[in-house]
$ cat model_29.txt   # compact mmCIF, C-alpha atoms and all ligand atoms
# COMPACT_ATOMS: atom_id res chain seq x y z
CA MET A 1 69.68 48.41 -115.14
CA ASP A 2 70.30 44.84 -116.22
CA PHE A 3 73.97 44.07 -116.98
CA SER A 4 73.54 40.73 -118.72
CA GLY A 5 73.72 39.80 -122.43
CA ALA A 6 74.19 42.67 -124.90
CA ASN A 7 74.30 45.25 -122.08
CA SER A 8 77.26 43.47 -120.52
CA ASN A 9 79.07 43.57 -123.87
CA LEU A 10 78.42 47.31 -124.33
CA GLN A 11 79.47 47.99 -120.75
CA GLN A 12 82.77 46.15 -121.28
CA ARG A 13 83.50 48.09 -124.49
CA MET A 14 82.89 51.25 -122.46
CA ALA A 15 85.33 50.01 -119.77
CA ALA A 16 88.00 49.41 -122.43
CA SER A 17 87.53 52.89 -123.96
CA SER A 18 89.47 56.06 -123.11
CA ALA A 19 86.83 57.02 -120.51
CA GLY A 20 87.21 53.64 -118.78
CA ILE A 21 91.02 53.78 -118.88
CA ASN A 22 91.14 57.27 -117.37
CA ARG A 23 88.86 56.23 -114.53
CA ARG A 24 90.94 53.15 -113.78
CA LEU A 25 94.16 55.16 -113.74
CA ALA A 26 92.59 57.54 -111.20
CA VAL A 27 91.38 54.61 -109.07
CA LEU A 28 94.77 52.83 -109.18
CA ASN A 29 96.48 56.05 -108.23
CA ALA A 30 94.15 56.60 -105.26
CA LEU A 31 94.47 52.97 -104.10
CA ASP A 32 98.25 53.35 -103.80
CA ILE A 33 98.58 49.55 -103.89
CA GLN A 34 101.24 47.70 -101.85
CA ILE A 35 102.55 44.18 -102.51
CA GLY A 36 100.62 41.55 -100.54
CA GLN A 37 97.38 43.52 -100.13
CA LYS A 38 93.87 42.06 -100.44
CA ILE A 39 91.62 44.36 -102.49
CA LEU A 40 87.92 44.05 -103.39
CA ASP A 41 86.30 45.57 -106.49
CA ILE A 42 82.51 45.87 -105.95
CA GLY A 43 80.70 45.60 -109.30
CA CYS A 44 83.84 44.39 -111.07
CA GLY A 45 82.12 44.10 -114.46
CA GLY A 46 84.38 42.52 -117.10
CA GLY A 47 87.38 42.52 -114.72
CA HIS A 48 89.63 45.20 -116.28
CA LEU A 49 90.58 46.61 -112.86
CA LEU A 50 90.82 43.16 -111.25
CA GLU A 51 93.59 42.21 -113.66
CA GLU A 52 95.59 45.37 -112.93
CA VAL A 53 95.10 45.01 -109.16
CA ALA A 54 96.16 41.33 -109.25
CA LEU A 55 99.38 42.25 -111.06
CA SER A 56 100.04 45.11 -108.62
CA VAL A 57 99.53 43.16 -105.36
CA GLY A 58 101.76 40.33 -106.62
CA PRO A 59 101.49 36.60 -105.80
CA THR A 60 101.28 37.21 -102.04
CA GLY A 61 98.27 39.49 -102.44
CA LYS A 62 94.81 38.90 -103.85
CA SER A 63 92.36 40.70 -106.09
CA PHE A 64 88.65 39.99 -105.40
CA GLY A 65 85.90 40.76 -107.91
CA LEU A 66 82.24 40.84 -106.89
CA ASP A 67 79.35 41.18 -109.33
CA PRO A 68 75.83 39.66 -109.39
CA SER A 69 75.83 39.38 -113.21
CA GLU A 70 76.95 35.94 -114.41
CA ALA A 71 77.79 37.40 -117.84
CA GLN A 72 80.14 39.96 -116.25
CA ILE A 73 81.80 37.39 -113.96
CA THR A 74 82.32 34.98 -116.89
CA SER A 75 84.08 37.74 -118.87
CA ALA A 76 86.11 38.77 -115.81
CA LYS A 77 87.25 35.16 -115.35
CA ASP A 78 88.29 34.99 -119.03
CA ARG A 79 90.23 38.24 -118.73
CA CYS A 80 92.10 37.04 -115.61
CA ILE A 81 92.60 33.43 -116.72
CA GLN A 82 96.41 33.65 -116.50
CA LEU A 83 96.36 35.01 -112.95
CA LYS A 84 96.25 32.76 -109.87
CA ASN A 85 95.56 35.50 -107.33
CA VAL A 86 92.05 36.55 -108.40
CA GLU A 87 88.90 35.42 -106.65
CA PHE A 88 85.33 35.89 -107.89
CA LEU A 89 82.08 36.36 -106.00
CA CYS A 90 78.95 36.22 -108.17
CA GLN A 91 76.52 38.07 -105.89
CA GLY A 92 75.29 41.51 -104.78
CA ALA A 93 77.32 43.64 -102.39
CA GLU A 94 74.60 44.20 -99.80
CA LYS A 95 75.73 41.21 -97.69
CA ILE A 96 79.11 39.55 -98.25
CA ASN A 97 80.06 36.31 -96.55
CA LEU A 98 83.67 37.19 -95.69
CA PRO A 99 85.28 37.87 -92.30
CA THR A 100 85.33 41.30 -90.64
CA ASN A 101 88.54 43.39 -91.14
CA PHE A 102 89.47 41.34 -94.22
CA PHE A 103 90.47 43.86 -96.93
CA ASP A 104 93.24 46.45 -97.13
CA SER A 105 91.21 48.43 -99.68
CA ILE A 106 87.77 48.29 -101.25
CA THR A 107 86.91 50.02 -104.48
CA SER A 108 83.91 50.41 -106.77
CA THR A 109 83.37 52.14 -110.12
CA GLN A 110 80.00 53.26 -111.46
CA THR A 111 78.17 50.64 -109.44
CA LEU A 112 76.87 52.03 -106.13
CA GLU A 113 74.41 54.29 -107.95
CA TYR A 114 72.73 51.13 -109.31
CA ILE A 115 72.17 49.62 -105.84
CA GLU A 116 68.91 50.68 -104.21
CA ASN A 117 70.08 49.99 -100.66
CA VAL A 118 73.45 51.68 -101.07
CA ASP A 119 73.68 52.28 -97.30
CA SER A 120 73.82 48.54 -96.62
CA VAL A 121 76.76 48.26 -99.06
CA LEU A 122 78.61 51.05 -97.23
CA VAL A 123 77.99 49.34 -93.86
CA GLU A 124 79.34 46.09 -95.33
CA THR A 125 82.33 47.98 -96.77
CA LYS A 126 83.14 49.38 -93.32
CA ARG A 127 82.84 45.91 -91.74
CA LEU A 128 85.12 44.28 -94.30
CA LEU A 129 87.83 46.96 -94.26
CA LYS A 130 90.79 46.74 -91.88
CA SER A 131 91.40 49.71 -89.61
CA GLY A 132 93.48 52.15 -91.69
CA GLY A 133 92.01 50.65 -94.88
CA LYS A 134 91.01 52.71 -97.87
CA PHE A 135 87.72 53.05 -99.75
CA VAL A 136 87.81 54.43 -103.31
CA ASN A 137 84.55 54.98 -105.17
CA VAL A 138 83.75 56.44 -108.58
CA SER A 139 80.13 57.42 -109.23
CA VAL A 140 78.63 59.67 -111.86
CA LEU A 141 76.72 62.91 -111.28
CA TRP A 142 73.94 61.81 -113.63
CA ASP A 143 72.24 65.24 -113.69
CA HIS A 144 75.35 66.43 -115.58
CA PHE A 145 75.49 63.50 -118.00
CA LYS A 146 74.41 64.76 -121.41
CA PHE A 147 74.53 64.43 -125.17
CA HIS A 148 74.61 67.75 -127.02
CA GLY A 149 73.51 68.36 -130.60
CA PRO A 150 69.90 67.21 -131.10
CA GLU A 151 67.01 69.66 -130.78
CA ASN A 152 66.15 70.35 -127.16
CA GLU A 153 62.72 68.74 -126.74
CA LEU A 154 63.74 65.41 -128.26
CA ASN A 155 67.05 65.40 -126.40
CA THR A 156 65.27 66.02 -123.08
CA LEU A 157 62.77 63.21 -123.79
CA ILE A 158 65.58 60.69 -124.30
CA HIS A 159 67.61 61.86 -121.29
CA ASP A 160 64.53 61.86 -119.04
CA ALA A 161 63.79 58.27 -120.05
CA PHE A 162 67.38 57.31 -119.15
CA ARG A 163 67.04 58.68 -115.59
CA ALA A 164 65.28 55.44 -114.62
CA HIS A 165 68.45 53.45 -115.40
CA CYS A 166 69.83 53.92 -111.86
CA PHE A 167 68.56 54.57 -108.32
CA HIS A 168 70.88 57.39 -107.23
CA GLN A 169 71.30 60.27 -109.69
CA MET A 170 73.69 62.39 -107.58
CA LEU A 171 75.42 59.94 -105.22
CA PRO A 172 78.80 61.78 -105.02
CA ILE A 173 77.00 64.72 -103.36
CA GLU A 174 75.71 62.43 -100.58
CA MET A 175 78.84 60.34 -100.20
CA LYS A 176 80.74 62.56 -97.75
CA SER A 177 78.03 62.57 -95.06
CA LYS A 178 77.30 58.86 -95.56
CA LEU A 179 80.99 58.01 -95.05
CA GLN A 180 81.47 60.44 -92.15
CA ASN A 181 78.48 58.89 -90.34
CA LEU A 182 80.16 55.49 -90.61
CA GLY A 183 83.44 56.76 -89.14
CA PHE A 184 85.48 57.25 -92.32
CA TYR A 185 87.86 60.23 -92.31
CA ASN A 186 90.14 62.15 -94.68
CA ILE A 187 87.34 62.09 -97.25
CA LYS A 188 88.38 63.69 -100.55
CA ASN A 189 86.59 64.19 -103.88
CA LYS A 190 88.27 64.46 -107.28
CA GLU A 191 86.38 65.33 -110.44
CA LEU A 192 86.92 63.14 -113.50
CA ALA A 193 84.67 65.12 -115.86
CA PHE A 194 85.20 64.78 -119.61
CA LEU A 195 83.95 66.02 -122.97
CA ILE A 196 83.93 63.88 -126.12
CA THR A 197 83.26 65.38 -129.53
CA GLU A 198 83.57 62.28 -131.74
CA ARG A 199 81.24 59.36 -132.37
CA ASN A 200 83.76 56.98 -134.00
CA ASN A 201 83.52 53.24 -133.30
CA ASN A 202 85.99 53.34 -130.38
CA SER A 203 84.39 56.35 -128.75
CA PRO A 204 82.75 56.00 -125.31
CA ALA A 205 80.10 58.37 -126.72
CA LYS A 206 79.13 55.70 -129.28
CA PHE A 207 78.74 52.91 -126.66
CA THR A 208 76.80 55.24 -124.38
CA GLU A 209 74.54 56.36 -127.24
CA GLU A 210 73.72 52.70 -127.99
CA THR A 211 73.00 52.01 -124.32
CA ILE A 212 70.72 55.05 -123.96
CA ALA A 213 68.88 54.29 -127.22
CA LYS A 214 68.14 50.73 -126.07
CA PHE A 215 67.05 51.94 -122.66
CA ALA A 216 64.75 54.66 -124.08
CA LEU A 217 63.01 52.03 -126.26
CA LYS A 218 62.53 49.83 -123.21
CA GLU A 219 61.01 52.81 -121.36
CA GLY A 220 58.41 53.22 -124.13
CA VAL A 221 59.93 55.99 -126.30
CA SER A 222 58.94 55.23 -129.92
CA GLU A 223 61.41 53.74 -132.40
CA ASP A 224 60.90 56.78 -134.66
CA LYS A 225 61.91 59.20 -131.92
CA VAL A 226 64.96 57.18 -130.90
CA LEU A 227 66.07 56.90 -134.53
CA ASP A 228 65.48 60.62 -135.05
CA TRP A 229 67.62 61.37 -131.96
CA ARG A 230 70.48 59.22 -133.28
CA ASN A 231 70.22 60.81 -136.74
CA GLN A 232 70.36 64.26 -135.15
CA LEU A 233 73.48 63.23 -133.20
CA ALA A 234 75.10 62.11 -136.47
CA LEU A 235 74.15 65.36 -138.17
CA ALA A 236 75.46 67.41 -135.24
CA GLU A 237 78.77 65.56 -135.51
CA GLU A 238 78.93 66.25 -139.27
CA GLN A 239 78.22 69.92 -138.63
CA GLY A 240 80.78 70.12 -135.81
CA HIS A 241 78.49 70.74 -132.82
CA PHE A 242 78.23 67.26 -131.31
CA GLY A 243 79.29 66.71 -127.69
CA PHE A 244 78.96 64.11 -124.94
CA THR A 245 79.72 65.26 -121.39
CA SER A 246 79.91 63.20 -118.22
CA PHE A 247 80.90 64.08 -114.66
CA PRO A 248 82.23 61.10 -112.69
CA VAL A 249 83.59 61.85 -109.21
CA LEU A 250 86.23 59.81 -107.39
CA THR A 251 85.70 59.77 -103.61
CA GLU A 252 88.41 58.36 -101.38
CA ALA A 253 88.28 57.86 -97.62
CA LEU A 254 90.21 56.15 -94.83
CA LEU A 255 88.81 54.02 -92.03
C1 LIG B 301 78.37 50.19 -115.10
S1 LIG B 301 78.88 48.62 -114.59
C2 LIG B 301 80.53 48.99 -114.02
C3 LIG B 301 81.48 47.82 -114.12
C4 LIG B 301 82.93 48.13 -113.77
N1 LIG B 301 83.06 48.60 -112.40
C5 LIG B 301 83.54 49.13 -114.75
O1 LIG B 301 83.81 50.26 -114.35
O2 LIG B 301 83.73 48.75 -115.90
C6 LIG B 301 78.00 48.34 -113.09
C7 LIG B 301 78.19 46.95 -112.51
O3 LIG B 301 77.52 46.88 -111.23
C8 LIG B 301 77.03 45.57 -111.08
N2 LIG B 301 76.01 45.54 -110.02
C9 LIG B 301 74.68 45.76 -110.13
N3 LIG B 301 74.06 45.57 -108.94
C10 LIG B 301 75.03 45.24 -108.05
C11 LIG B 301 75.02 44.88 -106.65
N4 LIG B 301 73.90 44.86 -105.94
N5 LIG B 301 76.22 44.58 -106.07
C12 LIG B 301 77.37 44.62 -106.78
N6 LIG B 301 77.43 44.93 -108.10
C13 LIG B 301 76.28 45.23 -108.73
C14 LIG B 301 76.51 45.24 -112.47
O4 LIG B 301 76.30 43.85 -112.68
C15 LIG B 301 77.58 45.84 -113.36
O5 LIG B 301 78.58 44.91 -113.72

$ encode --input "model_29.txt" --output "structure tokens" --more "lines below"
Ligand SMILES: C[S@@+](CC[C@H](N)C(=O)[O-])C[C@H]1O[C@@H](n2cnc3c(N)ncnc32)[C@H](O)[C@@H]1O
Amino acid sequence: MDFSGANSNLQQRMAASSAGINRRLAVLNALDIQIGQKILDIGCGGGHLLEEVALSVGPTGKSFGLDPSEAQITSAKDRCIQLKNVEFLCQGAEKINLPTNFFDSITSTQTLEYIENVDSVLVETKRLLKSGGKFVNVSVLWDHFKFHGPENELNTLIHDAFRAHCFHQMLPIEMKSKLQNLGFYNIKNKELAFLITERNNNSPAKFTEETIAKFALKEGVSEDKVLDWRNQLALAEEQGHFGFTSFPVLTEALL
């Protein structure tokens, strides 16, 4: 999926919503940040986590944000403009030109599932982490990501079209063996599943609906069908049987 232009804007509204905040709280908790640490966020998006990490590590530490999307990096720079201890890398995470054993912790949220060669990113993560360093990843179980309300056939058509938006539908299931094979230990999973029953303008369901609708059109679903799906979501909300469910999983591991 392309995270430039309007998509970058929608993604950042999602990051600022209750779903984004809850995920960041879980990540910050798992990172257990100490003053002076150097921490990398892979796929930093609009930089919400970078800002919080920079404040937590203090002036002797450093928060690094990596993202190949120029639109995302520009927004992240704007967000962190007051902070001197943030560094930006506008590139993919498959190969990173930084020294071995460089970071105290590396984290990533809803990004690894978008990277085709995710194994190369995990190898790079291992290389860049200090011994005793921590890796914290949040990825979504996309098979369990669903809007509820519209009639079944139409709903399935739209969700099936959205499957093409990322490479790895069920990454959290594979994460433990991938990390074990690289020598990580103490690998723990925590579910961050949620249900949303409102489509108001601040709701993550609304931003996600917009993203899926745009993606379905791009995949060749007709405008009529996409509009019908959105109308059925609105009607379901009115009638009190609308729902949006997602199942992100936080995986943490030590090296
Ligand atoms: C869904 S967004 C998540 C952004 C942020 N982590 C958050 O939670 O708000 C996914 C991000 O992954 C980035 N991305 C895509 N391919 C990448 C790659 N090869 N390496 C690093 N980041 C990548 C995108 O540009 C996008 O900003």

$ atom_distance --input "model_29.txt" --atom1 "atom O5 of ligand LIG 301 (chain B)" --atom2 "atom CA of A:Gly220"
24.2 Å

$ closest_atom_pairs --input "model_29.txt" --of "chain A" --to "ligand LIG 301 (chain B)" --cutoff "6 Å" --atoms "all atoms listed in the file" --output "JSON lines"
{"residue": "A:Phe3", "atom": "CA", "partner": "B:LIG301", "partner_atom": "O4", "distance": 4.9}
{"residue": "A:Ala15", "atom": "CA", "partner": "B:LIG301", "partner_atom": "O2", "distance": 4.4}
{"residue": "A:Ile42", "atom": "CA", "partner": "B:LIG301", "partner_atom": "C12", "distance": 5.4}
{"residue": "A:Gly43", "atom": "CA", "partner": "B:LIG301", "partner_atom": "N6", "distance": 3.5}
{"residue": "A:Cys44", "atom": "CA", "partner": "B:LIG301", "partner_atom": "N1", "distance": 4.5}
{"residue": "A:Gly45", "atom": "CA", "partner": "B:LIG301", "partner_atom": "O5", "distance": 3.7}
{"residue": "A:Asp67", "atom": "CA", "partner": "B:LIG301", "partner_atom": "N6", "distance": 4.4}
{"residue": "A:Pro68", "atom": "CA", "partner": "B:LIG301", "partner_atom": "O4", "distance": 5.3}
{"residue": "A:Ser69", "atom": "CA", "partner": "B:LIG301", "partner_atom": "O4", "distance": 4.5}
{"residue": "A:Gln72", "atom": "CA", "partner": "B:LIG301", "partner_atom": "O5", "distance": 5.8}
{"residue": "A:Gly92", "atom": "CA", "partner": "B:LIG301", "partner_atom": "N5", "distance": 3.5}
{"residue": "A:Ala93", "atom": "CA", "partner": "B:LIG301", "partner_atom": "N5", "distance": 4.0}
{"residue": "A:Ser108", "atom": "CA", "partner": "B:LIG301", "partner_atom": "N1", "distance": 6.0}
{"residue": "A:Thr109", "atom": "CA", "partner": "B:LIG301", "partner_atom": "N1", "distance": 4.2}
{"residue": "A:Gln110", "atom": "CA", "partner": "B:LIG301", "partner_atom": "C2", "distance": 5.0}
{"residue": "A:Thr111", "atom": "CA", "partner": "B:LIG301", "partner_atom": "O3", "distance": 4.2}
{"residue": "A:Tyr114", "atom": "CA", "partner": "B:LIG301", "partner_atom": "N3", "distance": 5.7}
{"residue": "A:Ile115", "atom": "CA", "partner": "B:LIG301", "partner_atom": "N4", "distance": 5.1}

$ closest_residue --input "model_29.txt" --among "A:Phe64, A:Trp229, A:Phe215, A:Phe247" --to "A:Met170" --atoms "all atoms listed in the file"
A:Phe247

$ closest_residue --input "model_29.txt" --among "A:His168, A:Asn201, A:His159, A:Thr125" --to "A:Phe184" --atoms "all atoms listed in the file"
A:Thr125

$ closest_residue --input "model_29.txt" --among "A:Asn186, A:Gln239, A:Gln232, A:Thr251" --to "A:Ser139" --atoms "all atoms listed in the file"
A:Thr251

$ closest_residue --input "model_29.txt" --among "A:Ile73, A:Leu10, A:Ile96, A:Ile21" --to "A:Thr211" --atoms "only C-alpha atoms"
A:Leu10

$ residues_around --input "model_29.txt" --residues "A:Arg163" --least-positions-apart "4" --cutoff "10 Å" --atoms "all atoms listed in the file" --output "VMD selection string"
chain A and resid 142 to 143 158 to 159 167 to 169 212 215 to 216

$ residues_around --input "model_29.txt" --residues "A:Lys77" --least-positions-apart "4" --cutoff "8 Å" --atoms "all atoms listed in the file" --output "PyMOL selection string"
chain A and resi 47+73+81+88

$ closest_residue --input "model_29.txt" --among "A:Lys214, A:Arg199, A:Lys178, A:Lys62" --to "A:Gly36" --atoms "all atoms listed in the file"
A:Lys62

$ residues_around --input "model_29.txt" --residues "A:Ala16" --least-positions-apart "4" --cutoff "9 Å" --atoms "all atoms listed in the file" --output "list in words"
Gln11, Gln12, Gly20, Ile21, His48 and Pro204 of chain A

$ atom_distance --input "model_29.txt" --atom1 "atom CA of A:Phe102" --atom2 "atom CA of A:Leu129"
5.9 Å

$ atom_distance --input "model_29.txt" --atom1 "atom CA of A:Ala54" --atom2 "atom CA of A:Ile39"
8.7 Å

$ residues_near_point --input "model_29.txt" --point "(85.7, 58.3, -104.0)" --cutoff "7 Å" --atoms "all atoms listed in the file" --output "number ranges by chain"
A: 136-138, 188-189, 249-253

$ closest_residue --input "model_29.txt" --among "A:Ser75, A:Ser246, A:Thr156, A:Thr197" --to "A:Arg13" --atoms "all atoms listed in the file"
A:Ser75

$ residues_around --input "model_29.txt" --residues "A:Leu255" --least-positions-apart "6" --cutoff "7 Å" --atoms "all atoms listed in the file" --output "number ranges by chain"
A: 131-134, 183-185

$ residues_around --input "model_29.txt" --residues "A:Asn231" --least-positions-apart "6" --cutoff "10 Å" --atoms "all atoms listed in the file" --output "PDB file with C-alpha atoms, keeping the file's coordinate frame"
ATOM      1  CA  PRO A 150      69.900  67.210-131.100  1.00  0.00           C
ATOM      2  CA  LYS A 225      61.910  59.200-131.920  1.00  0.00           C
ATOM      3  CA  GLU A 237      78.770  65.560-135.510  1.00  0.00           C
TER       4      GLU A 237
END

$ decode --input "model_29.txt" --residues "stretch 172-248 of chain A" --atoms "C-alpha atoms" --output "PDB file, in the first residue's frame"
ATOM      1  CA  PRO A 172       1.948 -12.310  14.444  1.00  0.00           C
ATOM      2  CA  ILE A 173       1.401 -16.072  14.061  1.00  0.00           C
ATOM      3  CA  GLU A 174       4.780 -16.442  12.309  1.00  0.00           C
ATOM      4  CA  MET A 175       6.696 -13.986  14.450  1.00  0.00           C
ATOM      5  CA  LYS A 176       7.703 -16.329  17.281  1.00  0.00           C
ATOM      6  CA  SER A 177       9.515 -18.852  15.070  1.00  0.00           C
ATOM      7  CA  LYS A 178      11.098 -16.104  12.960  1.00  0.00           C
ATOM      8  CA  LEU A 179      12.498 -14.431  16.091  1.00  0.00           C
ATOM      9  CA  GLN A 180      13.556 -17.698  17.746  1.00  0.00           C
ATOM     10  CA  ASN A 181      15.497 -18.680  14.603  1.00  0.00           C
ATOM     11  CA  LEU A 182      17.417 -15.408  14.847  1.00  0.00           C
ATOM     12  CA  GLY A 183      18.353 -15.989  18.498  1.00  0.00           C
ATOM     13  CA  PHE A 184      15.759 -13.795  20.231  1.00  0.00           C
ATOM     14  CA  TYR A 185      14.419 -15.136  23.540  1.00  0.00           C
ATOM     15  CA  ASN A 186      11.716 -14.373  26.115  1.00  0.00           C
ATOM     16  CA  ILE A 187       9.271 -13.878  23.245  1.00  0.00           C
ATOM     17  CA  LYS A 188       5.827 -12.788  24.459  1.00  0.00           C
ATOM     18  CA  ASN A 189       2.591 -11.910  22.651  1.00  0.00           C
ATOM     19  CA  LYS A 190      -0.102  -9.561  23.944  1.00  0.00           C
ATOM     20  CA  GLU A 191      -3.425  -9.084  22.195  1.00  0.00           C
ATOM     21  CA  LEU A 192      -4.610  -5.530  21.564  1.00  0.00           C
ATOM     22  CA  ALA A 193      -7.962  -6.456  19.981  1.00  0.00           C
ATOM     23  CA  PHE A 194     -10.746  -3.875  19.952  1.00  0.00           C
ATOM     24  CA  LEU A 195     -14.358  -3.320  18.917  1.00  0.00           C
ATOM     25  CA  ILE A 196     -15.720   0.045  17.772  1.00  0.00           C
ATOM     26  CA  THR A 197     -19.438   0.643  17.359  1.00  0.00           C
ATOM     27  CA  GLU A 198     -19.448   4.297  16.254  1.00  0.00           C
ATOM     28  CA  ARG A 199     -18.630   5.961  12.951  1.00  0.00           C
ATOM     29  CA  ASN A 200     -18.270   9.560  14.212  1.00  0.00           C
ATOM     30  CA  ASN A 201     -15.628  11.826  12.675  1.00  0.00           C
ATOM     31  CA  ASN A 202     -12.969  10.984  15.292  1.00  0.00           C
ATOM     32  CA  SER A 203     -13.554   7.258  15.109  1.00  0.00           C
ATOM     33  CA  PRO A 204     -10.784   4.957  13.819  1.00  0.00           C
ATOM     34  CA  ALA A 205     -13.627   3.060  12.116  1.00  0.00           C
ATOM     35  CA  LYS A 206     -14.340   6.129   9.962  1.00  0.00           C
ATOM     36  CA  PHE A 207     -10.690   6.548   8.832  1.00  0.00           C
ATOM     37  CA  THR A 208     -10.411   2.828   8.145  1.00  0.00           C
ATOM     38  CA  GLU A 209     -13.679   2.815   6.187  1.00  0.00           C
ATOM     39  CA  GLU A 210     -12.339   5.641   3.990  1.00  0.00           C
ATOM     40  CA  THR A 211      -9.058   3.793   3.443  1.00  0.00           C
ATOM     41  CA  ILE A 212     -10.788   0.520   2.519  1.00  0.00           C
ATOM     42  CA  ALA A 213     -13.262   2.274   0.203  1.00  0.00           C
ATOM     43  CA  LYS A 214     -10.424   3.974  -1.692  1.00  0.00           C
ATOM     44  CA  PHE A 215      -8.477   0.738  -1.894  1.00  0.00           C
ATOM     45  CA  ALA A 216     -11.481  -1.289  -3.148  1.00  0.00           C
ATOM     46  CA  LEU A 217     -12.016   1.262  -5.958  1.00  0.00           C
ATOM     47  CA  LYS A 218      -8.352   0.963  -6.901  1.00  0.00           C
ATOM     48  CA  GLU A 219      -8.738  -2.837  -7.002  1.00  0.00           C
ATOM     49  CA  GLY A 220     -11.582  -2.503  -9.531  1.00  0.00           C
ATOM     50  CA  VAL A 221     -14.694  -2.752  -7.315  1.00  0.00           C
ATOM     51  CA  SER A 222     -17.352  -0.487  -8.891  1.00  0.00           C
ATOM     52  CA  GLU A 223     -18.196   2.921  -7.434  1.00  0.00           C
ATOM     53  CA  ASP A 224     -21.824   1.787  -6.997  1.00  0.00           C
ATOM     54  CA  LYS A 225     -20.814  -1.190  -4.883  1.00  0.00           C
ATOM     55  CA  VAL A 226     -18.424   0.821  -2.713  1.00  0.00           C
ATOM     56  CA  LEU A 227     -21.076   3.503  -2.177  1.00  0.00           C
ATOM     57  CA  ASP A 228     -23.681   0.844  -1.379  1.00  0.00           C
ATOM     58  CA  TRP A 229     -21.293  -0.699   1.187  1.00  0.00           C
ATOM     59  CA  ARG A 230     -20.766   2.679   2.883  1.00  0.00           C
ATOM     60  CA  ASN A 231     -24.512   3.391   2.884  1.00  0.00           C
ATOM     61  CA  GLN A 232     -25.143  -0.008   4.462  1.00  0.00           C
ATOM     62  CA  LEU A 233     -22.552   0.768   7.161  1.00  0.00           C
ATOM     63  CA  ALA A 234     -24.365   4.049   7.898  1.00  0.00           C
ATOM     64  CA  LEU A 235     -27.712   2.277   8.053  1.00  0.00           C
ATOM     65  CA  ALA A 236     -26.299  -0.429  10.335  1.00  0.00           C
ATOM     66  CA  GLU A 237     -25.027   2.290  12.666  1.00  0.00           C
ATOM     67  CA  GLU A 238     -28.448   3.989  12.681  1.00  0.00           C
ATOM     68  CA  GLN A 239     -30.094   0.657  13.466  1.00  0.00           C
ATOM     69  CA  GLY A 240     -27.566  -0.169  16.185  1.00  0.00           C
ATOM     70  CA  HIS A 241     -25.790  -3.162  14.620  1.00  0.00           C
ATOM     71  CA  PHE A 242     -22.633  -1.557  13.241  1.00  0.00           C
ATOM     72  CA  GLY A 243     -19.232  -2.827  14.389  1.00  0.00           C
ATOM     73  CA  PHE A 244     -15.566  -2.600  13.399  1.00  0.00           C
ATOM     74  CA  THR A 245     -13.221  -5.195  14.895  1.00  0.00           C
ATOM     75  CA  SER A 246      -9.450  -5.417  14.631  1.00  0.00           C
ATOM     76  CA  PHE A 247      -6.915  -7.742  16.245  1.00  0.00           C
ATOM     77  CA  PRO A 248      -3.447  -6.185  16.557  1.00  0.00           C
TER      78      PRO A 248
END
